[in-house]
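Q: There's a structure below that I have some questions on.
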Amino acid sequence: MALVAEQAGGWEVVRSALPGHDVELVGYHDRAGNGLDMRILPSPRLTIVLMLDGELRVDEERPVAAGIASGLGVNSVRVLGRDVACVDIHLSPVAAHAVLDGAVAELAGTVVSFEDLWGAEAHRLRAALAGTDQWEERFSHLRSALAEKLRTNRSVDPQIAFVWRELVASGGQRRIGELATQTGWSRKRLWSRFTAQIGVTPKRAAMIVRLSPAIQAIVDGTAATEVAAVHGYADQSHLTRDLKELAGYTPGSLYRDWLEGTFVQDAVG
C-alpha cells in the first residue's frame with residue numbers, strides 16, 4: 001500500500017490506513033528534536049499511540065512504556081515528549097470496540113497505558129515495530145495485528161454502528177429520537193445500548209462529533225462567529241459553552257495555545 005509522507009515543523013509524518021475499516025495509521029518522528037507538547041482534545045476517534053523511541057509523559061507525571069490509549073471525550077489531557085518516534089492508530093469507536101474487545105466504554109474520557117489494555121501483547125507489538133526503521137514494514141505488521149482483532153473480537157450492534165455513522169455523516173446534527181425510530185428501538189433502549197458500547201450517550205457523541213471540526217477551524221484562525229455558524233451552533237455563546245464543557249477552552253484561549261506552539265491532537269494530523 002502506498003504511503004503518504006510529509007515534513008511538518010521538523011516532524012516526519014507518514015500516513016496509511018487499514019482498507020475496509022475506519023482505521024487511520026500515522027507515523028511520527030521528531031527529526032529536529034523539537035520535543036512535543038500536545039493537548040488531547042475531544043475527538044470522534046479513539047487514539048492509540050504506540051511508542052517506537054524516545055520519551056512520552058502524560059500530564060508531566062506518568063511515564064509511558066509501550067504507549068497510551070485515549071478514549072472518546074477526553075478533556076484536554078497534556079502529553080509531553082522528547083525525541084519521539086511513534087505510530088498513532090486512529091479508530092472510530094465502532095472499530096475500536098473490536099480492536100479493544102469491548103473496552104471502549106471503560107476507556108471513555110480517560111487516557112491509559114496501552115499495556116493496560118493489551119498487556120504483554122502491547123510490548124511485543126511495540127518491539128516488532130521498533131525492530132525496523134521502514135515505515136511500510138511497521139504498517140504492514142500493524143495492519144495484520146489490527147485486522148486479526150477486527151476479525152475475531154466482539155462487534156457493536158448493527159443499530160449502534162448505524163447511529164454512529166449517521167451522527168458522523170450529519171456532523172452531529174441528527175435527532176436522537178429520529179435515529180431510534182430508524183433502528184426500530186425505543187429511545188431508552190438506544191440510549192442504554194449506545195452508552196454501554198460507545199462509552200458516552202448519543203447526545204454527548206453528537207456534541208463531540210460537532211465540536212471536532214470546530215476545533216480545527218478555530219486553530220486555523222477562523223473567527224468564532226463564523227465557526228459557530230458553519231458548524232451548526234445557535235451562536236458563538238453556544239460554541240463557547242460546548243468547547244469549555246468538553247475541552248476546557250474558550251475559542252480565544254485555544255487559539256492562543258495553538259499559536260504558542262501547543263499541538264492539538266488531530267488538528268495537526
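The way I read the labels, and the way they are meant: chains A, B, ... in the order of the C-alpha cells, residue 1 as the first residue of every chain, and ligand 1 as the first ligand shown, with later ones counted on from there.
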Identify, on the basis of only C-alpha atoms, every residue whose closest approach to Asp88 (chain A) does not exceed 12 Å; exclude the query and any residue fewer than 3 positions from it along the same chain; express the result as a ChimeraX atom specification.
A: /A:13-17,23-29,45-52,67-70,84-85,91,114,138-139,142,265-266,269
Q: Using the chain letters and numbers from this document, which residues of region 26-177 of chain A does DSSP assign to helix (DSSP H, G or I), as a PyMOL selection string?
A: chain A and resi 93-99+104-107+114-118+120-130+135-152+158-169+176-177
Q: For Gln216 (chain A), which of A:Val104, A:Tyr255, A:Arg154, A:Glu12 is the closest residue, counting only C-alpha atoms?
A: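 For Gln216 (chain A), the nearest of the given residues is A:Tyr255.
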Q: Taking 2 positions as the minimum chain separation for residues in the same chain, which residues sit within 8 Å of Thr225 (chain A) when counting only C-alpha atoms? Answer as a ChimeraX atom specification.
A: /A:223,227-229,235-236
Q: Store the residues of this selection in a file with all heavy atoms, as a PDB file, in the first residue's frame.
A:
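Below is the file that was written, result_26.pdb:
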```
ATOM      1  N   ALA A 223     -12.762  33.005  12.607  1.00  0.00           N
ATOM      2  CA  ALA A 223     -13.438  33.739  13.682  1.00  0.00           C
ATOM      3  C   ALA A 223     -14.505  32.869  14.330  1.00  0.00           C
ATOM      4  O   ALA A 223     -15.192  32.093  13.651  1.00  0.00           O
ATOM      5  CB  ALA A 223     -14.075  35.004  13.128  1.00  0.00           C
ATOM      6  N   VAL A 227     -17.216  30.139  12.844  1.00  0.00           N
ATOM      7  CA  VAL A 227     -17.152  28.726  13.221  1.00  0.00           C
ATOM      8  C   VAL A 227     -18.517  28.260  13.726  1.00  0.00           C
ATOM      9  O   VAL A 227     -19.018  27.199  13.339  1.00  0.00           O
ATOM     10  CB  VAL A 227     -16.084  28.490  14.304  1.00  0.00           C
ATOM     11  CG1 VAL A 227     -16.127  27.043  14.800  1.00  0.00           C
ATOM     12  CG2 VAL A 227     -14.698  28.808  13.773  1.00  0.00           C
ATOM     13  N   ALA A 228     -19.135  29.065  14.571  1.00  0.00           N
ATOM     14  CA  ALA A 228     -20.442  28.708  15.127  1.00  0.00           C
ATOM     15  C   ALA A 228     -21.480  28.558  14.024  1.00  0.00           C
ATOM     16  O   ALA A 228     -22.259  27.596  14.007  1.00  0.00           O
ATOM     17  CB  ALA A 228     -20.886  29.761  16.136  1.00  0.00           C
ATOM     18  N   ALA A 229     -21.491  29.489  13.086  1.00  0.00           N
ATOM     19  CA  ALA A 229     -22.488  29.462  12.015  1.00  0.00           C
ATOM     20  C   ALA A 229     -22.288  28.264  11.096  1.00  0.00           C
ATOM     21  O   ALA A 229     -23.259  27.603  10.707  1.00  0.00           O
ATOM     22  CB  ALA A 229     -22.413  30.761  11.214  1.00  0.00           C
ATOM     23  N   ASP A 235     -25.226  30.043  18.221  1.00  0.00           N
ATOM     24  CA  ASP A 235     -24.477  31.299  18.187  1.00  0.00           C
ATOM     25  C   ASP A 235     -23.101  31.049  18.799  1.00  0.00           C
ATOM     26  O   ASP A 235     -22.769  29.927  19.192  1.00  0.00           O
ATOM     27  CB  ASP A 235     -25.212  32.420  18.935  1.00  0.00           C
ATOM     28  CG  ASP A 235     -25.652  32.004  20.340  1.00  0.00           C
ATOM     29  OD1 ASP A 235     -24.961  31.154  20.961  1.00  0.00           O
ATOM     30  OD2 ASP A 235     -26.669  32.519  20.825  1.00  0.00           O
ATOM     31  N   GLN A 236     -22.298  32.107  18.889  1.00  0.00           N
ATOM     32  CA  GLN A 236     -20.951  31.969  19.433  1.00  0.00           C
ATOM     33  C   GLN A 236     -20.980  31.515  20.887  1.00  0.00           C
ATOM     34  O   GLN A 236     -20.111  30.741  21.322  1.00  0.00           O
ATOM     35  CB  GLN A 236     -20.195  33.297  19.318  1.00  0.00           C
ATOM     36  CG  GLN A 236     -18.757  33.221  19.815  1.00  0.00           C
ATOM     37  CD  GLN A 236     -18.001  34.519  19.648  1.00  0.00           C
ATOM     38  OE1 GLN A 236     -18.375  35.350  18.821  1.00  0.00           O
ATOM     39  NE2 GLN A 236     -16.953  34.707  20.435  1.00  0.00           N
TER      40      GLN A 236
END
```
Q: Which one is closest to Thr222 (chain A): A:Leu243, A:Ile176, A:Gly71, A:Pro251? Count only C-alpha atoms.
A: A:Pro251
Q: For a test of reading the model, state the distance in Å between CA of Lys203 (chain A) and CA of Arg256 (chain A), rounded to one decimal.
A: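 Computed distance, CA of Lys203 (chain A) to CA of Arg256 (chain A), equals 29.0 Å.
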Q: Using Å and a single decimal, report how far CA of Gly252 (chain A) sits from CA of Ile208 (chain A).
A: 19.1 Å
Q: At what distance in Å, to one decimal, does CA of Leu150 (chain A) lie from CA of Thr183 (chain A)?
A: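 CA of Thr183 (chain A) sits 23.5 Å away from CA of Leu150 (chain A).
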Q: Quick check for you: according to DSSP on this backbone, which residues of region 64-234 of chain A are classed as strand (DSSP E or B)? Reply as a ChimeraX atom specification.
A: /A:67-70,77-91,111-113
Q: Please write the residues from the selection above to a file, keeping N, CA, C and O atoms, as an mmCIF file, in the first residue's frame.
A:
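Written file, part.cif:
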```cif
data_model
loop_
_atom_site.group_PDB
_atom_site.id
_atom_site.type_symbol
_atom_site.label_atom_id
_atom_site.label_comp_id
_atom_site.auth_asym_id
_atom_site.auth_seq_id
_atom_site.Cartn_x
_atom_site.Cartn_y
_atom_site.Cartn_z
ATOM 1 N N GLY A 67 2.976 2.564 25.225
ATOM 2 C CA GLY A 67 2.164 3.566 24.560
ATOM 3 C C GLY A 67 0.992 3.983 25.425
ATOM 4 O O GLY A 67 0.893 3.609 26.593
ATOM 5 N N ILE A 68 0.096 4.781 24.846
ATOM 6 C CA ILE A 68 -1.100 5.228 25.550
ATOM 7 C C ILE A 68 -2.320 5.023 24.660
ATOM 8 O O ILE A 68 -2.197 4.876 23.440
ATOM 9 N N ALA A 69 -3.484 5.020 25.286
ATOM 10 C CA ALA A 69 -4.752 4.949 24.562
ATOM 11 C C ALA A 69 -5.686 5.997 25.144
ATOM 12 O O ALA A 69 -5.845 6.065 26.366
ATOM 13 N N SER A 70 -6.264 6.823 24.291
ATOM 14 C CA SER A 70 -7.198 7.852 24.739
ATOM 15 C C SER A 70 -8.595 7.521 24.245
ATOM 16 O O SER A 70 -8.789 7.182 23.076
ATOM 17 N N VAL A 77 -6.152 16.594 28.046
ATOM 18 C CA VAL A 77 -5.027 15.944 28.721
ATOM 19 C C VAL A 77 -3.731 16.351 28.021
ATOM 20 O O VAL A 77 -3.640 16.329 26.799
ATOM 21 N N ARG A 78 -2.717 16.705 28.805
ATOM 22 C CA ARG A 78 -1.453 17.172 28.238
ATOM 23 C C ARG A 78 -0.477 16.006 28.086
ATOM 24 O O ARG A 78 -0.310 15.206 29.015
ATOM 25 N N VAL A 79 0.157 15.919 26.934
ATOM 26 C CA VAL A 79 1.162 14.890 26.662
ATOM 27 C C VAL A 79 2.455 15.583 26.254
ATOM 28 O O VAL A 79 2.457 16.432 25.360
ATOM 29 N N LEU A 80 3.554 15.230 26.933
ATOM 30 C CA LEU A 80 4.865 15.806 26.654
ATOM 31 C C LEU A 80 5.789 14.727 26.115
ATOM 32 O O LEU A 80 5.741 13.579 26.580
ATOM 33 N N GLY A 81 6.627 15.077 25.157
ATOM 34 C CA GLY A 81 7.522 14.083 24.589
ATOM 35 C C GLY A 81 8.877 14.654 24.230
ATOM 36 O O GLY A 81 9.028 15.866 24.047
ATOM 37 N N ARG A 82 9.875 13.768 24.122
ATOM 38 C CA ARG A 82 11.223 14.151 23.728
ATOM 39 C C ARG A 82 11.796 13.067 22.828
ATOM 40 O O ARG A 82 11.715 11.880 23.153
ATOM 41 N N ASP A 83 12.331 13.497 21.670
ATOM 42 C CA ASP A 83 12.928 12.569 20.695
ATOM 43 C C ASP A 83 11.951 11.450 20.319
ATOM 44 O O ASP A 83 12.330 10.284 20.203
ATOM 45 N N VAL A 84 10.706 11.810 20.100
ATOM 46 C CA VAL A 84 9.635 10.831 19.927
ATOM 47 C C VAL A 84 9.603 10.251 18.521
ATOM 48 O O VAL A 84 9.681 10.978 17.524
ATOM 49 N N ALA A 85 9.482 8.935 18.449
ATOM 50 C CA ALA A 85 9.064 8.231 17.238
ATOM 51 C C ALA A 85 7.918 7.327 17.663
ATOM 52 O O ALA A 85 8.032 6.589 18.655
ATOM 53 N N CYS A 86 6.806 7.397 16.960
ATOM 54 C CA CYS A 86 5.630 6.646 17.392
ATOM 55 C C CYS A 86 4.692 6.418 16.212
ATOM 56 O O CYS A 86 4.855 7.004 15.136
ATOM 57 N N VAL A 87 3.707 5.581 16.438
ATOM 58 C CA VAL A 87 2.616 5.400 15.488
ATOM 59 C C VAL A 87 1.312 5.701 16.203
ATOM 60 O O VAL A 87 1.031 5.137 17.266
ATOM 61 N N ASP A 88 0.526 6.597 15.630
ATOM 62 C CA ASP A 88 -0.831 6.848 16.122
ATOM 63 C C ASP A 88 -1.803 5.971 15.358
ATOM 64 O O ASP A 88 -1.765 5.931 14.119
ATOM 65 N N ILE A 89 -2.664 5.280 16.084
ATOM 66 C CA ILE A 89 -3.732 4.483 15.480
ATOM 67 C C ILE A 89 -5.039 5.192 15.796
ATOM 68 O O ILE A 89 -5.461 5.250 16.958
ATOM 69 N N HIS A 90 -5.666 5.784 14.783
ATOM 70 C CA HIS A 90 -6.934 6.483 14.964
ATOM 71 C C HIS A 90 -8.077 5.549 14.565
ATOM 72 O O HIS A 90 -8.091 5.033 13.445
ATOM 73 N N LEU A 91 -9.028 5.350 15.478
ATOM 74 C CA LEU A 91 -10.116 4.421 15.225
ATOM 75 C C LEU A 91 -11.461 5.069 15.553
ATOM 76 O O LEU A 91 -11.585 5.776 16.569
ATOM 77 N N VAL A 111 -7.256 8.608 29.618
ATOM 78 C CA VAL A 111 -6.040 8.216 28.910
ATOM 79 C C VAL A 111 -5.341 7.180 29.774
ATOM 80 O O VAL A 111 -5.060 7.438 30.950
ATOM 81 N N VAL A 112 -5.089 5.998 29.218
ATOM 82 C CA VAL A 112 -4.477 4.916 29.984
ATOM 83 C C VAL A 112 -3.267 4.387 29.230
ATOM 84 O O VAL A 112 -3.057 4.680 28.052
ATOM 85 N N SER A 113 -2.459 3.600 29.921
ATOM 86 C CA SER A 113 -1.335 2.939 29.271
ATOM 87 C C SER A 113 -1.852 1.870 28.317
ATOM 88 O O SER A 113 -2.786 1.133 28.651
#
```
Q: Could you name the residues that touch Trp185 (chain A) at 12 Å or less, counting only C-alpha atoms, but leaving out those on the same chain fewer than 6 positions away, as a PyMOL selection string?
A: chain A and resi 157-160+163+176-179+191-194
Q: What's the 12 Å shell around Ala161 (chain A), counting only C-alpha atoms, without same-chain residues fewer than 4 positions away, as a VMD selection string?
A: chain A and resid 22 92 to 98 155 to 157 165 to 168 179 183 190 193 to 194 197 to 198 202
Q: Which residue is closest to Arg143 (chain A)? Choose from A:Gly54, A:Gly35, A:Gly20, A:Gly9 and count only C-alpha atoms.
A: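 The closest residue to Arg143 (chain A) is A:Gly20.
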Q: Which residue gives the smallest distance to Gly221 (chain A) among A:Ala65, A:Leu259, A:Ile40, A:Leu72, with only C-alpha atoms counted?
A: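 Under the stated criterion, the closest residue is A:Leu259.
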